[in-house]
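Q: My structure is below; once you've seen it, I'll send some questions.
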Amino acid sequence: MMRTITSIAEWRRVRAELPASPRGIGFVPTMGNLHAGHRALLERARVESDVTVLSIFVNPTQFNDPRDLAVYPRTLPEDLALAAGLADYVFAPTPAEIYPDEYRFRVTETKLAQELEGAHRPGHFDGVLTVVLRLLHLVQPRRAYFGEKDWQQLQLVKDMTAAFFLPVEIVACATVREANGLALSSRNARLSAGARAAAGAFSEILRTSPDAATAAQRLTAAGFGVDYVDDRAGVRLGAIRIEGTRLIDNVPL
Ligand code: PAF
C-alpha cells in the first residue's frame, strides 16, 4: 500500500525504520503533473530497487519566471493515481519544509549551468541542484532516476553527486515520446492540439539536420521561436518556443 508523507519529521521516522536491503531505495524526484515519462522512471526504479520513493515537490527556486511557477499544474490526486502500484512512498513536502533557511544556502555550478538553459533561465540550475541535493540527503537512495530529455539537468546532477561524494547512482532513462516524436513534458499540456501536432517536427528537425545551424534555420522556417541549437558531447540540444511555451529536447548525434 503506497503511503503519502508530507512532513520531513514523519519521513525521517519512516526512513530510519527502513531496513538496509540488497537493492536499497530507488528514488524518482518530480514536480508532479506526472505523465508516461515519469511512469517509465518509476517502473525502472521499481524493477531495480527494494523500495521505491517518489517525491512530488513544485520547487519554487528553479522557476526564474514567477508566472511559470504560478501556472505550473498541481495535480496531486491524479499523480497519486498514476503512482499507485509503482511507488511505496510519495514524499510531498511544502516549500517551507524544504527551505527552512529561505534558500540562503544553495548550490551553484559555475560552468555548464551558466550555458544553454542556464543562459536563458538565470538561477534555474541553482534551484534544481539545491533541491536535488536536499532531497537526496533526506531520502538517502541507492539510485536516483532522471530523464534524458533534461540533458543538462542530468549532467549537472551527475557532476554534483560526484563533486560532493554522494553515495548514490544517477540513472539516466530514455526520453519517452508521443507518436509524432514530441518528447513528453508537463508543458505539452499548455499547447493547443495544432501546436502539439506541429511540435512533432522539433525532434525530427534536430535529428535530420546536418548541423546545428541548419537545424536552427529549419526550426525557424517551421514557425518556432528558436532559443538555441547546440551540438556537444554527442548530442544535439535544442530549445524552442511555440504558443508562448518553451520546449527543450535533445537527440543523439
Ligand atoms: O526534472 C524535474 O522535474 C525537476 O527539475 C526536479 C529534478 C524534480 C527538481 O525539482
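Convention: chains lettered A, B, ... in C-alpha cells order; per-chain residue numbering from 1; ligands numbered from 1 as shown.
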Return as a PyMOL selection string the residues of protein, DNA or RNA that approach ligand 1 to within 7 Å, with only C-alpha atoms and all ligand atoms taken into account.

A: chain A and resi 29-31+57-59+128+131-132+150

Q: Those selected residues, please, written with C-alpha atoms and delivered as a JSON list (two decimals), in the first residue's frame.

A:
```
[["chain", "number", "residue", "atom", "x", "y", "z"],
["A", 29, "PRO", "CA", 12.24, 13.13, -7.88],
["A", 30, "THR", "CA", 9.47, 15.03, -9.71],
["A", 31, "MET", "CA", 7.45, 18.22, -9.64],
["A", 57, "PHE", "CA", 7.55, 19.00, -4.99],
["A", 58, "VAL", "CA", 6.96, 22.04, -7.20],
["A", 59, "ASN", "CA", 10.31, 23.62, -6.46],
["A", 128, "VAL", "CA", 17.44, 22.38, -9.37],
["A", 131, "VAL", "CA", 16.57, 20.88, -4.22],
["A", 132, "VAL", "CA", 18.04, 17.66, -5.59],
["A", 150, "ASP", "CA", 16.58, 17.24, -19.50]]
```

Q: What's around segment 45-54 of chain A at 6 Å? Count only C-alpha atoms, leave out sequence neighbours fewer than 3 positions away in its own chain, and write the answer as a PyMOL selection string.

A: chain A and resi 23-29+42+87-90

Q: At a cut-off of 10 Å, using only C-alpha atoms, what residues contact Pro73 of chain A? Leave out same-chain residues fewer than 3 positions from it and give the result as number ranges by chain.

A: A: 31-34, 58, 68-70, 76, 186-187, 189-190
